[in-house]
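*Asks:* One structure follows; several queries about it will come next.
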Amino acid sequence: MKKNIFTQEWMSMHPYTKIDDVDIYYTNLANRIYHALDTTCFIHQFNNPMDAKYLALCLAAYFEDVISGTCIWKAFTTECKKRYGVCVPFYLGESTIEGCLIHEGSDGIPEYDPDEINLADIKFILWHHSQQNAEAQTIIPPLFGTLEPAAKSVYDILNSEYETAPENERMHTFLCDMPLKEDDFGTYFMALEWFQYGCFFNVGNNKRLALSMQWLAQNGNYNQASAFAVRTDQIFGSRANLLSLTSQEWLAKVSEMHPAHKLWTDTDYRPNRTLVVEREDEKYIYAKDQYQKDVLKINKMSFNINDYTPFINGDVAIITNVVRLGSTWWQIGAVSVPDNDKNLQKYVREERERLNHKQSIKDYNMLKDNGYGSNFVFADNVDDAVEFVKSLGYDRTKNLKLPPAKETGVIVYGSPYTGLSIAINIAHCICSPDNPYYDAAKAEQNCFDIISGRGNAFPYEIVCRLIAGNMLPDANMFASKYLKDIGRRITQENLPFLADYYLSGRLDKDISPMELW
């Protein structure tokens with residue numbers, strides 16, 4: 001067998017550098033998987049051969065995770081079960097095509113077991129990589145010609161190795177057993193950095209980082225400090241991971257299953273905080289967060305500051321990102337200092353208003369106070385829609401920038417967190433008794449654009465309202481006319497997951513509180 005994947009490529013996905021026999025075993029396994037994907041023609045869809053190799057490496061690392069009991073994949077299936085009612089989207093639902101889909105419990109495949117390897121897991125990983133490596137705005141349906149045979153071929157390889165595959169004790173120690181204290185922030189940060197950019201679980205994060213670095217360079221802003229700031233911002237703030245959880249949130253869920261790392265579940269992250277230092281002692285500064293008004297105990301080791309005297313009592317404020325591990329906060333990323341008090345007060349006021357959704361709540365209240373609240377308002381054209389929002393008291397219509405309407409039917413809608421908005425060229429997709437512009441035949445063609453975000457028709461919160469109200473019955477991610485009916489069933493069964501996936505949204509983060517409606 002030709003060796004396409006080398007041990008150093010396997011090592012790049014691990015938080016250690018010394019090669020041992022276990023790493024050689026899993027490198028060889030990745031090569032077997034790669035050749036199985038090649039034999040079933042699955043890798044031919046990737047324009048870059050490195051993407052196909054990376055897929056094989058990730059499948060081997062998925063197997064390593066299950067064998068070693070590190071519980072990364074189990075954290076995913078546990079969260080999926082809690083959110084969507086199934087351990088793995090798409091492949092454990094009720095939809096089936098006779099003779100075309102192999103499911104758990106059929107064709108010699110055992111029933112799904114969250115503690116074992118599963119065919120559905122492999123199918124999902126194959127689909128996820130295909131979608132993440134597709135051209136921009138391209139939707140990959142979770143069923144296509146080479147996926148089934150490729151998944152079955154990989155499953156057979158892993159199943160044949162299951163009883164004899166070695167555990168990776170170093171990975172288990174790193175993620176499960178290594179005791180940590182609050183002062184071990186460096187180790188915690190290393191684990192986060194590895195999970196963000198090295199773990200098999202996070203497809204595409206390295207590409208996203210590379211694109212960000214290219215953007216910095218093209219704009220003449222690239223330097224060591226800016227590169228580190230972007231890197232850390234993605235580590236702590238990016239929701240590009242599965243289920244729109246940050247790496248910090250994912251490590252917390254993984255750590256729930258490992259008592260030694262319970263500390264990793266007691267964390268927080270606050271970006272762009274304005275801090276006023278009130279006092280200091282030998283080890284910490286005590287700074288008041290100007291937005292949440294609480295006092296943070298921040299380890300001095302995380303700042304590159306020798307003398308805190310100018311900062312005490314608010315003479316000079318600090319704007320930076322802070323991370324909490326246990327009861328101790330740490331500064332991370334860039335630090336800026338406003339050049340005068342006027343600029344500081346303006347920044348604090350604007351940032352507080354943004355965090356509190358002040359303007360969007362005010363705009364939404366115009367709808368609510370006039371009896372429209374959570375309703376969708378339908379108008380014939382843009383002029384009518386603009387006149388309607390003017391009648392509510394909206395005084396910023398000159399700032400509305402809308403593309404030309406190609407069809408009759410304009411929607412005015414809002415929520416406390418999204419404010420007041422107007423949507424055009426999409427009314428035909430909304431199945432509501434209040435909507436005279438709904439057209440099922442036209443909706444079949446592009447209703448899924450609302451879920452995928454193509455054209456940015458609606459913000460995530462509004463999409464969730466449409467799903468909850470069964471107003472998107474024509475959403476179908478399958479374009480093939482031969483799979484029209486089964487495709488719609490699969491899509492409809494998985495709409496909440498798909499909205500989270502494509503829009504990077506979260507019900508626990510992005511939905512306006514009920515008391516604001």
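Residues in the structure tokens are named by chain (A, B, ... in the order shown) and by number from 1 within that chain; ligands are numbered from 1 in the order shown.
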For A:Met366, list every protein, DNA or RNA residue within 12 Å, evaluated using only C-alpha atoms, and leave out those in the same chain fewer than 5 positions away; present the list as a PyMOL selection string.
*Replies:* chain A and resi 359-361+371-374+388-395+413-416+419-421+517
*Asks:* Using DSSP on the backbone coordinates, identify the residues of stretch 370-490 of chain A assigned to helix (DSSP H, G or I); present them as a PyMOL selection string.
*Replies:* chain A and resi 382-392+397-399+427-429+440-446+448-452+460-468+481-490
*Asks:* Would you list the contacts of stretch 151-157 of chain A as a PyMOL selection string, taking every protein, DNA or RNA residue within 9 Å and counting only C-alpha atoms, but skipping same-chain residues closer than 4 positions in sequence?
*Replies:* chain A and resi 29+32-34+36-37+40+59+102+117-120+122-123+126+146-147+161-162
*Asks:* In Å, rounded to a single decimal, give me how far atom CA of A:Trp329 is from atom CA of A:Thr187.
*Replies:* 14.8 Å
*Asks:* Mind listing the strand (DSSP E or B) residues of stretch 291-485 of chain A, per DSSP on the backbone, as number ranges by chain?
*Replies:* A: 295-299, 312, 318-325, 328-336, 377-379, 410-415, 419-424
*Asks:* With C-alpha atoms retained, export the selected residues as a PDB file, in the first residue's frame.
*Replies:*
```pdb
ATOM      1  CA  VAL A 295     -14.903  43.469  40.200  1.00  0.00           C
ATOM      2  CA  LEU A 296     -12.586  40.934  38.552  1.00  0.00           C
ATOM      3  CA  LYS A 297      -9.561  39.380  40.251  1.00  0.00           C
ATOM      4  CA  ILE A 298      -6.972  39.318  37.440  1.00  0.00           C
ATOM      5  CA  ASN A 299      -3.603  37.596  37.682  1.00  0.00           C
ATOM      6  CA  ILE A 312      -5.478  52.652  40.040  1.00  0.00           C
ATOM      7  CA  ILE A 318      -7.689  49.363  30.165  1.00  0.00           C
ATOM      8  CA  ILE A 319      -9.612  47.910  27.208  1.00  0.00           C
ATOM      9  CA  THR A 320      -8.860  44.236  26.620  1.00  0.00           C
ATOM     10  CA  ASN A 321     -10.208  40.658  26.621  1.00  0.00           C
ATOM     11  CA  VAL A 322     -10.360  38.661  29.852  1.00  0.00           C
ATOM     12  CA  VAL A 323     -10.787  34.931  30.492  1.00  0.00           C
ATOM     13  CA  ARG A 324     -11.840  33.313  33.737  1.00  0.00           C
ATOM     14  CA  LEU A 325     -10.489  29.944  34.926  1.00  0.00           C
ATOM     15  CA  THR A 328      -9.188  33.921  38.613  1.00  0.00           C
ATOM     16  CA  TRP A 329      -9.287  36.095  35.504  1.00  0.00           C
ATOM     17  CA  TRP A 330      -6.508  36.408  32.922  1.00  0.00           C
ATOM     18  CA  GLN A 331      -5.901  39.076  30.327  1.00  0.00           C
ATOM     19  CA  ILE A 332      -5.566  37.736  26.782  1.00  0.00           C
ATOM     20  CA  GLY A 333      -4.929  39.353  23.402  1.00  0.00           C
ATOM     21  CA  ALA A 334      -4.389  43.040  22.703  1.00  0.00           C
ATOM     22  CA  VAL A 335      -4.497  45.841  25.297  1.00  0.00           C
ATOM     23  CA  SER A 336      -5.476  49.424  24.471  1.00  0.00           C
ATOM     24  CA  VAL A 377     -46.318  42.333   8.363  1.00  0.00           C
ATOM     25  CA  PHE A 378     -46.693  41.840   4.598  1.00  0.00           C
ATOM     26  CA  ALA A 379     -46.740  44.686   2.090  1.00  0.00           C
ATOM     27  CA  VAL A 410     -42.212  42.620   1.187  1.00  0.00           C
ATOM     28  CA  ILE A 411     -41.973  41.560   4.848  1.00  0.00           C
ATOM     29  CA  VAL A 412     -41.589  43.841   7.854  1.00  0.00           C
ATOM     30  CA  TYR A 413     -40.601  42.024  11.020  1.00  0.00           C
ATOM     31  CA  GLY A 414     -38.619  42.430  14.190  1.00  0.00           C
ATOM     32  CA  SER A 415     -37.461  41.121  17.547  1.00  0.00           C
ATOM     33  CA  GLY A 419     -34.623  45.325  15.894  1.00  0.00           C
ATOM     34  CA  LEU A 420     -36.884  46.265  12.990  1.00  0.00           C
ATOM     35  CA  SER A 421     -36.099  44.835   9.542  1.00  0.00           C
ATOM     36  CA  ILE A 422     -37.438  44.588   6.009  1.00  0.00           C
ATOM     37  CA  ALA A 423     -37.030  41.526   3.770  1.00  0.00           C
ATOM     38  CA  ILE A 424     -37.638  41.489   0.022  1.00  0.00           C
TER      39      ILE A 424
END
```
*Asks:* Quick one, how far is atom CA of A:Asp266 from atom CA of A:Gln290?
*Replies:* 22.3 Å
*Asks:* Using only C-alpha atoms, can you tell me which of A:Ser212, A:Cys176, A:Gln131, A:Lys253 comes closest to A:Leu143?
*Replies:* A:Gln131
*Asks:* Of the residues A:Lys358, A:Arg465, A:Lys181, A:Lys288, which is the one nearest to A:Ile511, using only C-alpha atoms?
*Replies:* A:Arg465
*Asks:* Hey, what's within 12 Å of A:Asn4 if we count only C-alpha atoms and toss same-chain stuff fewer than 6 positions away? As a list in words, please?
*Replies:*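 Here the qualifying residues turn out to be Trp10, Thr27, Asn28, Leu29, Ala30, Asn31, Arg32, Ile33, Tyr34, His35, Asp38, Pro49, Met50, Ala52, Lys53, Tyr54, Ala56 and Leu57 of chain A.
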*Asks:* Store the residues picked out above in a file with C-alpha atoms, as a CSV table (one decimal), in the first residue's frame.
*Replies:*
```csv
chain,number,residue,atom,x,y,z
A,10,TRP,CA,-0.7,12.8,12.2
A,27,THR,CA,-0.8,6.9,10.9
A,28,ASN,CA,-1.0,3.5,9.2
A,29,LEU,CA,-4.7,3.4,9.9
A,30,ALA,CA,-5.2,6.8,8.3
A,31,ASN,CA,-3.5,5.5,5.2
A,32,ARG,CA,-5.9,2.5,5.0
A,33,ILE,CA,-8.8,4.9,5.4
A,34,TYR,CA,-7.4,7.2,2.7
A,35,HIS,CA,-7.1,4.3,0.2
A,38,ASP,CA,-9.9,6.6,-2.9
A,49,PRO,CA,-5.5,16.6,-2.2
A,50,MET,CA,-4.6,17.8,1.3
A,52,ALA,CA,-8.8,14.4,1.4
A,53,LYS,CA,-5.7,13.5,3.5
A,54,TYR,CA,-7.0,15.6,6.3
A,56,ALA,CA,-8.6,10.4,6.5
A,57,LEU,CA,-6.6,11.8,9.5
```
*Asks:* Using only C-alpha atoms, which of the listed residues (A:Gln292, A:Ser302, A:Ser480, A:Ser327) sits closest to A:Gln445?
*Replies:*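 Nearest candidate to A:Gln445 out of A:Gln292, A:Ser302, A:Ser480, A:Ser327: A:Ser480.
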*Asks:* May I ask for the distance between atom CA of A:Asn446 and atom CA of A:Cys87, given in Å to one decimal place?
*Replies:*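 The value is 28.6 Å.
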*Asks:* Please produce, as JSON lines, a per-residue contact table for stretch 117-182 of chain A versus stretch 69-72 of chain A (criterion: any atom at most 12 Å away, only C-alpha atoms considered), showing the nearest atom pair and its distance in Å to one decimal, sorted by chain then residue number.
*Replies:*
```
{"residue": "A:Ile117", "atom": "CA", "partner": "A:Gly69", "partner_atom": "CA", "distance": 11.6}
{"residue": "A:Pro166", "atom": "CA", "partner": "A:Gly69", "partner_atom": "CA", "distance": 11.3}
{"residue": "A:Glu167", "atom": "CA", "partner": "A:Gly69", "partner_atom": "CA", "distance": 8.1}
{"residue": "A:Asn168", "atom": "CA", "partner": "A:Gly69", "partner_atom": "CA", "distance": 9.1}
{"residue": "A:Glu169", "atom": "CA", "partner": "A:Gly69", "partner_atom": "CA", "distance": 9.5}
{"residue": "A:Arg170", "atom": "CA", "partner": "A:Thr70", "partner_atom": "CA", "distance": 10.4}
{"residue": "A:Met171", "atom": "CA", "partner": "A:Thr70", "partner_atom": "CA", "distance": 7.3}
{"residue": "A:His172", "atom": "CA", "partner": "A:Thr70", "partner_atom": "CA", "distance": 5.6}
{"residue": "A:Thr173", "atom": "CA", "partner": "A:Thr70", "partner_atom": "CA", "distance": 8.9}
{"residue": "A:Phe174", "atom": "CA", "partner": "A:Thr70", "partner_atom": "CA", "distance": 9.1}
{"residue": "A:Leu175", "atom": "CA", "partner": "A:Thr70", "partner_atom": "CA", "distance": 6.4}
{"residue": "A:Cys176", "atom": "CA", "partner": "A:Thr70", "partner_atom": "CA", "distance": 6.5}
{"residue": "A:Asp177", "atom": "CA", "partner": "A:Thr70", "partner_atom": "CA", "distance": 9.8}
```
*Asks:* Dump N, CA, C and O atoms for the selected residues as a PDB file, in the first residue's frame?
*Replies:*
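Just written: again08.pdb:
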```
ATOM      1  N   ILE A 117     -17.934   2.819  18.027  1.00  0.00           N
ATOM      2  CA  ILE A 117     -17.907   3.414  16.692  1.00  0.00           C
ATOM      3  C   ILE A 117     -19.238   3.118  16.013  1.00  0.00           C
ATOM      4  O   ILE A 117     -19.872   2.092  16.284  1.00  0.00           O
ATOM      5  N   PRO A 166      -4.826   0.222  19.885  1.00  0.00           N
ATOM      6  CA  PRO A 166      -4.253   0.688  21.157  1.00  0.00           C
ATOM      7  C   PRO A 166      -4.872   2.004  21.615  1.00  0.00           C
ATOM      8  O   PRO A 166      -5.210   2.866  20.798  1.00  0.00           O
ATOM      9  N   GLU A 167      -5.031   2.153  22.904  1.00  0.00           N
ATOM     10  CA  GLU A 167      -5.443   3.441  23.460  1.00  0.00           C
ATOM     11  C   GLU A 167      -4.268   4.409  23.390  1.00  0.00           C
ATOM     12  O   GLU A 167      -3.123   4.013  23.548  1.00  0.00           O
ATOM     13  N   ASN A 168      -4.565   5.668  23.173  1.00  0.00           N
ATOM     14  CA  ASN A 168      -3.528   6.700  23.232  1.00  0.00           C
ATOM     15  C   ASN A 168      -3.534   7.264  24.653  1.00  0.00           C
ATOM     16  O   ASN A 168      -4.305   8.156  24.990  1.00  0.00           O
ATOM     17  N   GLU A 169      -2.665   6.720  25.488  1.00  0.00           N
ATOM     18  CA  GLU A 169      -2.648   7.101  26.902  1.00  0.00           C
ATOM     19  C   GLU A 169      -2.222   8.553  27.097  1.00  0.00           C
ATOM     20  O   GLU A 169      -2.670   9.221  28.040  1.00  0.00           O
ATOM     21  N   ARG A 170      -1.374   9.055  26.203  1.00  0.00           N
ATOM     22  CA  ARG A 170      -0.947  10.452  26.343  1.00  0.00           C
ATOM     23  C   ARG A 170      -2.109  11.412  26.092  1.00  0.00           C
ATOM     24  O   ARG A 170      -2.248  12.428  26.781  1.00  0.00           O
ATOM     25  N   MET A 171      -2.944  11.091  25.113  1.00  0.00           N
ATOM     26  CA  MET A 171      -4.112  11.931  24.861  1.00  0.00           C
ATOM     27  C   MET A 171      -5.099  11.839  26.021  1.00  0.00           C
ATOM     28  O   MET A 171      -5.700  12.839  26.423  1.00  0.00           O
ATOM     29  N   HIS A 172      -5.251  10.628  26.569  1.00  0.00           N
ATOM     30  CA  HIS A 172      -6.171  10.465  27.688  1.00  0.00           C
ATOM     31  C   HIS A 172      -5.692  11.261  28.895  1.00  0.00           C
ATOM     32  O   HIS A 172      -6.481  11.929  29.586  1.00  0.00           O
ATOM     33  N   THR A 173      -4.395  11.219  29.158  1.00  0.00           N
ATOM     34  CA  THR A 173      -3.846  11.989  30.273  1.00  0.00           C
ATOM     35  C   THR A 173      -4.051  13.479  30.049  1.00  0.00           C
ATOM     36  O   THR A 173      -4.469  14.221  30.945  1.00  0.00           O
ATOM     37  N   PHE A 174      -3.774  13.933  28.836  1.00  0.00           N
ATOM     38  CA  PHE A 174      -3.870  15.352  28.503  1.00  0.00           C
ATOM     39  C   PHE A 174      -5.300  15.869  28.678  1.00  0.00           C
ATOM     40  O   PHE A 174      -5.526  16.953  29.217  1.00  0.00           O
ATOM     41  N   LEU A 175      -6.281  15.096  28.207  1.00  0.00           N
ATOM     42  CA  LEU A 175      -7.661  15.566  28.200  1.00  0.00           C
ATOM     43  C   LEU A 175      -8.493  15.102  29.390  1.00  0.00           C
ATOM     44  O   LEU A 175      -9.562  15.656  29.637  1.00  0.00           O
ATOM     45  N   CYS A 176      -8.013  14.099  30.110  1.00  0.00           N
ATOM     46  CA  CYS A 176      -8.876  13.493  31.126  1.00  0.00           C
ATOM     47  C   CYS A 176      -8.273  13.412  32.527  1.00  0.00           C
ATOM     48  O   CYS A 176      -8.982  13.579  33.514  1.00  0.00           O
ATOM     49  N   ASP A 177      -6.979  13.155  32.619  1.00  0.00           N
ATOM     50  CA  ASP A 177      -6.382  12.813  33.912  1.00  0.00           C
ATOM     51  C   ASP A 177      -5.473  13.874  34.504  1.00  0.00           C
ATOM     52  O   ASP A 177      -5.253  13.886  35.713  1.00  0.00           O
TER      53      ASP A 177
END
```
*Asks:* Would you pick out the contacts of A:Pro259 at 12 Å or less, using only C-alpha atoms, so that residues sharing its chain but fewer than 2 positions from it are not included, and give the list as a list in words?
*Replies:*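 Non-adjacent residues within range: Leu175, Cys176, Asp177, Met178, Pro179, Leu180, Ala252, Lys253, Val254, Ser255, Glu256, Met257, His261, Lys262, Leu263, Trp264 and Thr265 of chain A.
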*Asks:* For A:Pro496, please output as an MDAnalysis selection string all residues within 8 Å (counting only C-alpha atoms; exclusion window: fewer than 5 positions along the same chain).
*Replies:* chainID A and resid 84 464 467
*Asks:* Kindly export the residues of the current selection with C-alpha atoms, as a short mmCIF file (atom, residue, chain, number, x, y, z; two decimals), in the first residue's frame.
*Replies:*
```
data_model
loop_
_atom_site.label_atom_id
_atom_site.label_comp_id
_atom_site.auth_asym_id
_atom_site.auth_seq_id
_atom_site.Cartn_x
_atom_site.Cartn_y
_atom_site.Cartn_z
CA TYR A 84 -32.37 17.59 18.53
CA CYS A 464 -36.01 29.98 14.55
CA ILE A 467 -39.17 26.94 12.00
#
```
*Asks:* Compile the contact shell of A:Glu64 as a PDB file with N, CA and C atoms, in the first residue's frame: residues with an atom at most 8 Å away, counting only C-alpha atoms, same-chain residues fewer than 2 positions apart removed.
*Replies:*
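Heads up, here's the output in around.pdb:
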```
ATOM      1  N   TYR A  26      -1.745   4.664  14.283  1.00  0.00           N
ATOM      2  CA  TYR A  26      -2.848   5.463  13.765  1.00  0.00           C
ATOM      3  C   TYR A  26      -2.494   6.140  12.437  1.00  0.00           C
ATOM      4  N   ALA A  60      -9.369   8.749  11.436  1.00  0.00           N
ATOM      5  CA  ALA A  60      -8.497   7.968  12.325  1.00  0.00           C
ATOM      6  C   ALA A  60      -8.499   8.557  13.726  1.00  0.00           C
ATOM      7  N   ALA A  61      -8.518   9.880  13.827  1.00  0.00           N
ATOM      8  CA  ALA A  61      -8.529  10.543  15.134  1.00  0.00           C
ATOM      9  C   ALA A  61      -9.872  10.346  15.841  1.00  0.00           C
ATOM     10  N   TYR A  62     -10.967  10.297  15.072  1.00  0.00           N
ATOM     11  CA  TYR A  62     -12.277   9.951  15.656  1.00  0.00           C
ATOM     12  C   TYR A  62     -12.204   8.571  16.292  1.00  0.00           C
ATOM     13  N   VAL A  66     -12.591   7.425  20.367  1.00  0.00           N
ATOM     14  CA  VAL A  66     -13.496   6.405  20.906  1.00  0.00           C
ATOM     15  C   VAL A  66     -12.706   5.337  21.660  1.00  0.00           C
ATOM     16  N   ILE A  67     -11.618   4.860  21.057  1.00  0.00           N
ATOM     17  CA  ILE A  67     -10.808   3.807  21.675  1.00  0.00           C
ATOM     18  C   ILE A  67     -10.184   4.288  22.973  1.00  0.00           C
ATOM     19  N   SER A  68      -9.735   5.540  23.008  1.00  0.00           N
ATOM     20  CA  SER A  68      -8.997   6.059  24.162  1.00  0.00           C
ATOM     21  C   SER A  68      -9.904   6.622  25.259  1.00  0.00           C
ATOM     22  N   GLU A 167      -5.031   2.153  22.904  1.00  0.00           N
ATOM     23  CA  GLU A 167      -5.443   3.441  23.460  1.00  0.00           C
ATOM     24  C   GLU A 167      -4.268   4.409  23.390  1.00  0.00           C
ATOM     25  N   ASN A 168      -4.565   5.668  23.173  1.00  0.00           N
ATOM     26  CA  ASN A 168      -3.528   6.700  23.232  1.00  0.00           C
ATOM     27  C   ASN A 168      -3.534   7.264  24.653  1.00  0.00           C
TER      28      ASN A 168
END
```
